[in-house]
Amino acid sequence: MKCAVIGGTGLIGSQVVRNLNAAGHEAVPHSKSTGVDVISGQGLDEAAAGADVVVNLTNSPTFDEASLTFFRTSMDNLLAAARAGGVGHFVILSIVGTDRVPELDYYRAKALQEKILAAGPIPYSIVRATQFMEFMDAALSWTADGDTVRLPATPVQPIAAKDVAAAVAEVAAGTPLNGIRNIAGPEVLPLDELGRITLSHKGDARTVVTDPTAGMFAAVKGDVLTDENAHLAPTRYTDWLS
């Protein structure tokens with residue numbers, strides 16, 4: 001199959017392209033660096049023309065309310081181009097629990113993206129992943145202050161980017177789900193404990209203080225970012241760190 005991977009030069013996209021090509025498909029990466037802009041629409045018709053599958057892995061540059069406009073505009077533009085190009089399968093990557101955390105603008109924006117896709121004219125698949133292991137350093141930086149890092153004890157189920165990319169490529173090469181597939185890492189850990197494991201591994205002497213009001217994930221209540229029934233990836237966090 002010919003697969004147009006929009007956002008195909010990023011962390012997940014570059015690996016999805018590699019995986020699809022290794023499986024014998026023709027996966028072409030598209031991004032701003034290749035002349036494709038999902039907001040202005042530049043290059044989208046050319047990218048989608050003749051593609052069997054469009055995989056949209058683009059991301060909003062901000063996590064605030066502007067992300068809603070980003071996903072609305074980009075999805076409208078991409079769906080129009082995909083329809084004109086005769087695309088038969090449209091895949092996006094979303095987040096486990098995105099429809100259960102309305103307090104977060106970015107999660108509401110991803111939920112909107114899902115709704116636009118599901119209401120559109122093209123058979124589709126939504127892959128929802130839990131938190132990427134690669135984002136842990138960023139989570140630590142958000143609430144770092146001197147010798148301490150403040151984190152809530154929010155349960156998370158971290159997944160490695162390589163496992164996310166493998167799942168997205170598998171779904172893209174298959175029959176449209178016209179629904180959602182949840183993927184997650186093999187273990188659930190409180191975010192504050194994940195922070196302690198990370199700092200210990202790096203030889204970082206800072207202390208993690210449990211603070212239910214700290215950072216973006218403070219708005220998350222309960223275990224909505226985890227899913228015991230998800231397709232479980234093999235990579236454990238400590239193995240990934242090593």
# chains A, B, ... in the order shown; residues from 1 in each chain; ligands from 1

$ select_by_dssp --residues "segment 35-229 of chain A" --states "strand (DSSP E)" --output "PyMOL selection string"
chain A and resi 53-56+89-95+124-129+144-145+148-151+155-156+180-184+189-190+207-210

$ write_last_selection --atoms "C-alpha atoms" --output "compact mmCIF listing (two decimals), in the first residue's frame"
# COMPACT_ATOMS: atom_id res chain seq x y z
CA VAL A 53 -3.81 5.39 3.71
CA VAL A 54 -3.22 8.73 5.40
CA VAL A 55 -1.62 8.59 8.85
CA ASN A 56 -1.89 11.92 10.66
CA HIS A 89 -8.22 4.70 5.38
CA PHE A 90 -7.39 7.60 7.71
CA VAL A 91 -5.43 6.95 10.92
CA ILE A 92 -4.71 9.26 13.85
CA LEU A 93 -2.80 8.85 17.10
CA SER A 94 -4.64 10.03 20.22
CA ILE A 95 -4.39 9.59 24.00
CA TYR A 124 -10.84 5.46 9.94
CA SER A 125 -8.82 4.11 12.83
CA ILE A 126 -7.95 5.84 16.10
CA VAL A 127 -4.97 4.56 18.08
CA ARG A 128 -4.98 5.85 21.64
CA ALA A 129 -1.71 5.54 23.55
CA ALA A 144 11.40 21.44 39.11
CA ASP A 145 12.50 23.98 41.71
CA THR A 148 13.09 19.28 44.44
CA VAL A 149 10.62 18.16 41.79
CA ARG A 150 6.95 18.22 42.65
CA LEU A 151 4.73 15.58 41.05
CA PRO A 155 -1.44 6.65 37.92
CA VAL A 156 0.19 6.37 34.49
CA ILE A 180 -10.54 2.96 18.70
CA ARG A 181 -7.63 0.72 19.70
CA ASN A 182 -6.04 1.48 23.07
CA ILE A 183 -2.35 0.68 23.57
CA ALA A 184 -0.40 0.94 26.81
CA LEU A 189 3.03 3.41 38.21
CA PRO A 190 2.24 6.61 40.13
CA THR A 207 14.08 14.80 45.61
CA VAL A 208 10.59 14.13 44.29
CA VAL A 209 7.92 15.61 46.54
CA THR A 210 4.40 14.26 46.13

$ closest_residue --among "A:Gly50, A:Pro212, A:Pro186, A:Gly120" --to "Asp76 of chain A" --atoms "only C-alpha atoms"
A:Gly120

$ atom_distance --atom1 "atom CA of Leu104 of chain A" --atom2 "atom CA of Leu140 of chain A"
18.5 Å

$ residues_around --residues "segment 105-114 of chain A" --least-positions-apart "3" --cutoff "7 Å" --atoms "only C-alpha atoms" --output "ChimeraX atom specification"
/A:63-65,67-68,71-72,75,94,98-99,101-102,117-118

$ residues_around --residues "Gln131 of chain A" --least-positions-apart "6" --cutoff "10 Å" --atoms "only C-alpha atoms" --output "PDB file with N, CA and C atoms, in the first residue's frame"
ATOM      1  N   ILE A  95      -4.853   9.849  22.635  1.00  0.00           N
ATOM      2  CA  ILE A  95      -4.388   9.593  23.996  1.00  0.00           C
ATOM      3  C   ILE A  95      -5.443   8.814  24.777  1.00  0.00           C
ATOM      4  N   VAL A  96      -5.020   7.785  25.481  1.00  0.00           N
ATOM      5  CA  VAL A  96      -5.926   7.058  26.368  1.00  0.00           C
ATOM      6  C   VAL A  96      -6.501   8.037  27.403  1.00  0.00           C
ATOM      7  N   VAL A 156      -0.094   6.359  35.925  1.00  0.00           N
ATOM      8  CA  VAL A 156       0.188   6.370  34.489  1.00  0.00           C
ATOM      9  C   VAL A 156       0.684   4.990  34.069  1.00  0.00           C
ATOM     10  N   GLN A 157       0.652   4.737  32.785  1.00  0.00           N
ATOM     11  CA  GLN A 157       1.007   3.420  32.238  1.00  0.00           C
ATOM     12  C   GLN A 157       1.950   3.643  31.053  1.00  0.00           C
ATOM     13  N   PRO A 158       3.194   4.042  31.331  1.00  0.00           N
ATOM     14  CA  PRO A 158       4.077   4.551  30.276  1.00  0.00           C
ATOM     15  C   PRO A 158       4.385   3.535  29.189  1.00  0.00           C
ATOM     16  N   ILE A 159       4.461   4.061  27.956  1.00  0.00           N
ATOM     17  CA  ILE A 159       4.724   3.224  26.790  1.00  0.00           C
ATOM     18  C   ILE A 159       5.876   3.835  25.995  1.00  0.00           C
ATOM     19  N   ALA A 160       6.740   2.988  25.451  1.00  0.00           N
ATOM     20  CA  ALA A 160       7.875   3.452  24.662  1.00  0.00           C
ATOM     21  C   ALA A 160       7.425   3.894  23.274  1.00  0.00           C
ATOM     22  N   ALA A 161       8.048   4.948  22.761  1.00  0.00           N
ATOM     23  CA  ALA A 161       7.686   5.466  21.437  1.00  0.00           C
ATOM     24  C   ALA A 161       7.816   4.401  20.363  1.00  0.00           C
ATOM     25  N   ALA A 184      -0.966   0.475  25.552  1.00  0.00           N
ATOM     26  CA  ALA A 184      -0.395   0.941  26.812  1.00  0.00           C
ATOM     27  C   ALA A 184       0.850   0.143  27.151  1.00  0.00           C
ATOM     28  N   GLY A 185       1.644   0.691  28.050  1.00  0.00           N
ATOM     29  CA  GLY A 185       2.795  -0.034  28.562  1.00  0.00           C
ATOM     30  C   GLY A 185       2.357  -1.149  29.484  1.00  0.00           C
ATOM     31  N   LEU A 225      -5.932   7.687  32.901  1.00  0.00           N
ATOM     32  CA  LEU A 225      -4.841   7.629  31.933  1.00  0.00           C
ATOM     33  C   LEU A 225      -4.287   6.220  31.764  1.00  0.00           C
ATOM     34  N   THR A 226      -4.932   5.259  32.384  1.00  0.00           N
ATOM     35  CA  THR A 226      -4.506   3.862  32.274  1.00  0.00           C
ATOM     36  C   THR A 226      -5.661   3.032  31.713  1.00  0.00           C
TER      37      THR A 226
END

$ select_by_dssp --residues "segment 64-216 of chain A" --states "alpha helix (DSSP H)" --output "count of residues only"
64

$ closest_residue --among "A:Thr69, A:Asp52, A:Gly179, A:Leu241" --to "Asp137 of chain A" --atoms "only C-alpha atoms"
A:Leu241

$ closest_residue --among "A:Ala169, A:Ala4, A:Ala230, A:Lys115" --to "Ala22 of chain A" --atoms "only C-alpha atoms"
A:Ala169

$ closest_residue --among "A:Gly41, A:Leu57, A:Leu199, A:Ile122" --to "Leu79 of chain A" --atoms "only C-alpha atoms"
A:Ile122

$ atom_distance --atom1 "atom CA of Arg206 of chain A" --atom2 "atom CA of Ala153 of chain A"
17.2 Å

$ residues_around --residues "Asn21 of chain A" --least-positions-apart "4" --cutoff "10 Å" --atoms "only C-alpha atoms" --output "list of chain:residue names"
A:Met1, A:Lys2, A:Cys3, A:Gln15, A:Val16, A:Val17, A:His25, A:Glu26, A:Ala27, A:Val28, A:Ala169

$ residues_around --residues "Thr73 of chain A" --least-positions-apart "4" --cutoff "8 Å" --atoms "only C-alpha atoms" --output "list in words"
Val38, Ile39, Thr69 and Asn77 of chain A

$ write_last_selection --atoms "C-alpha atoms" --output "PDB file, in the first residue's frame"
ATOM      1  CA  VAL A  38      -1.726  21.204   7.603  1.00  0.00           C
ATOM      2  CA  ILE A  39      -2.917  24.673   8.652  1.00  0.00           C
ATOM      3  CA  THR A  69      -8.192  25.514  16.641  1.00  0.00           C
ATOM      4  CA  ASN A  77      -7.893  20.388   5.633  1.00  0.00           C
TER       5      ASN A  77
END

$ closest_residue --among "A:Gly88, A:Gly215, A:Gly97, A:Gly43" --to "Thr130 of chain A" --atoms "only C-alpha atoms"
A:Gly97

$ atom_distance --atom1 "atom CA of Pro176 of chain A" --atom2 "atom CA of Pro123 of chain A"
5.9 Å

$ residues_around --residues "segment 9-11 of chain A" --least-positions-apart "5" --cutoff "8 Å" --atoms "only C-alpha atoms" --output "number ranges by chain"
A: 29-31, 161

$ write_last_selection --atoms "N, CA and C atoms" --output "compact mmCIF listing (two decimals), in the first residue's frame"
# COMPACT_ATOMS: atom_id res chain seq x y z
N PRO A 29 7.05 10.19 4.07
CA PRO A 29 6.91 11.17 5.16
C PRO A 29 6.61 12.57 4.62
N HIS A 30 5.70 13.25 5.28
CA HIS A 30 5.36 14.63 4.92
C HIS A 30 5.38 15.49 6.18
N SER A 31 5.90 16.69 6.05
CA SER A 31 5.94 17.63 7.16
C SER A 31 6.21 19.01 6.61
N ALA A 161 8.05 4.95 22.76
CA ALA A 161 7.69 5.47 21.44
C ALA A 161 7.82 4.40 20.36

$ closest_residue --among "A:Gly35, A:Gly203, A:Gly195, A:Gly86" --to "Tyr237 of chain A" --atoms "only C-alpha atoms"
A:Gly195

$ decode --residues "segment 10-89 of chain A" --atoms "C-alpha atoms" --output "JSON list (two decimals), in the first residue's frame"
[["chain", "number", "residue", "atom", "x", "y", "z"],
["A", 10, "GLY", "CA", 8.90, 13.39, 14.11],
["A", 11, "LEU", "CA", 9.49, 11.01, 17.02],
["A", 12, "ILE", "CA", 6.65, 8.63, 16.13],
["A", 13, "GLY", "CA", 6.26, 9.46, 12.44],
["A", 14, "SER", "CA", 9.82, 8.65, 11.42],
["A", 15, "GLN", "CA", 9.53, 5.21, 13.05],
["A", 16, "VAL", "CA", 6.11, 4.57, 11.50],
["A", 17, "VAL", "CA", 7.58, 5.32, 8.06],
["A", 18, "ARG", "CA", 10.49, 2.99, 8.73],
["A", 19, "ASN", "CA", 8.23, 0.18, 9.97],
["A", 20, "LEU", "CA", 5.81, 0.43, 7.04],
["A", 21, "ASN", "CA", 8.60, 0.45, 4.47],
["A", 22, "ALA", "CA", 10.25, -2.52, 6.19],
["A", 23, "ALA", "CA", 6.95, -4.39, 5.86],
["A", 24, "GLY", "CA", 6.93, -3.83, 2.09],
["A", 25, "HIS", "CA", 4.63, -0.81, 1.88],
["A", 26, "GLU", "CA", 5.46, 2.55, 0.32],
["A", 27, "ALA", "CA", 5.39, 5.05, 3.19],
["A", 28, "VAL", "CA", 6.17, 8.67, 2.35],
["A", 29, "PRO", "CA", 6.91, 11.17, 5.16],
["A", 30, "HIS", "CA", 5.36, 14.63, 4.92],
["A", 31, "SER", "CA", 5.94, 17.63, 7.16],
["A", 32, "LYS", "CA", 6.64, 21.34, 7.02],
["A", 33, "SER", "CA", 10.22, 20.49, 6.09],
["A", 34, "THR", "CA", 8.95, 18.70, 2.96],
["A", 35, "GLY", "CA", 6.59, 21.53, 2.01],
["A", 36, "VAL", "CA", 3.37, 20.26, 3.61],
["A", 37, "ASP", "CA", 1.46, 22.54, 6.01],
["A", 38, "VAL", "CA", -1.73, 21.20, 7.60],
["A", 39, "ILE", "CA", -2.92, 24.67, 8.65],
["A", 40, "SER", "CA", -2.47, 26.58, 5.39],
["A", 41, "GLY", "CA", -3.23, 23.46, 3.35],
["A", 42, "GLN", "CA", -0.03, 23.80, 1.32],
["A", 43, "GLY", "CA", 1.00, 20.50, -0.27],
["A", 44, "LEU", "CA", -1.84, 18.43, 1.20],
["A", 45, "ASP", "CA", -3.55, 17.57, -2.08],
["A", 46, "GLU", "CA", -0.26, 16.38, -3.54],
["A", 47, "ALA", "CA", 0.57, 14.36, -0.41],
["A", 48, "ALA", "CA", -2.79, 12.57, -0.37],
["A", 49, "ALA", "CA", -3.08, 11.97, -4.12],
["A", 50, "GLY", "CA", -2.89, 8.27, -4.87],
["A", 51, "ALA", "CA", -2.42, 7.25, -1.22],
["A", 52, "ASP", "CA", -4.31, 4.25, 0.12],
["A", 53, "VAL", "CA", -3.81, 5.39, 3.71],
["A", 54, "VAL", "CA", -3.22, 8.73, 5.40],
["A", 55, "VAL", "CA", -1.62, 8.59, 8.85],
["A", 56, "ASN", "CA", -1.89, 11.92, 10.66],
["A", 57, "LEU", "CA", 0.73, 12.31, 13.39],
["A", 58, "THR", "CA", 0.92, 16.10, 13.43],
["A", 59, "ASN", "CA", 0.70, 17.82, 16.79],
["A", 60, "SER", "CA", -0.36, 21.19, 18.09],
["A", 61, "PRO", "CA", 2.57, 23.49, 18.91],
["A", 62, "THR", "CA", 0.86, 24.43, 22.20],
["A", 63, "PHE", "CA", -1.11, 22.62, 24.90],
["A", 64, "ASP", "CA", -3.46, 25.53, 25.61],
["A", 65, "GLU", "CA", -6.82, 26.53, 24.14],
["A", 66, "ALA", "CA", -5.18, 27.26, 20.77],
["A", 67, "SER", "CA", -4.76, 23.50, 20.31],
["A", 68, "LEU", "CA", -8.50, 23.24, 19.66],
["A", 69, "THR", "CA", -8.19, 25.51, 16.64],
["A", 70, "PHE", "CA", -5.12, 23.64, 15.44],
["A", 71, "PHE", "CA", -6.82, 20.25, 15.40],
["A", 72, "ARG", "CA", -10.08, 21.57, 13.94],
["A", 73, "THR", "CA", -8.33, 23.34, 11.06],
["A", 74, "SER", "CA", -5.78, 20.62, 10.36],
["A", 75, "MET", "CA", -8.37, 17.84, 10.35],
["A", 76, "ASP", "CA", -10.74, 19.77, 8.08],
["A", 77, "ASN", "CA", -7.89, 20.39, 5.63],
["A", 78, "LEU", "CA", -6.54, 16.84, 5.77],
["A", 79, "LEU", "CA", -9.94, 15.18, 5.37],
["A", 80, "ALA", "CA", -10.73, 17.35, 2.37],
["A", 81, "ALA", "CA", -7.42, 16.45, 0.74],
["A", 82, "ALA", "CA", -7.82, 12.76, 1.58],
["A", 83, "ARG", "CA", -11.31, 12.64, 0.14],
["A", 84, "ALA", "CA", -10.19, 14.36, -3.06],
["A", 85, "GLY", "CA", -7.28, 11.94, -3.31],
["A", 86, "GLY", "CA", -9.43, 8.83, -2.99],
["A", 87, "VAL", "CA", -7.88, 7.74, 0.33],
["A", 88, "GLY", "CA", -9.56, 4.67, 1.81],
["A", 89, "HIS", "CA", -8.22, 4.70, 5.38]]
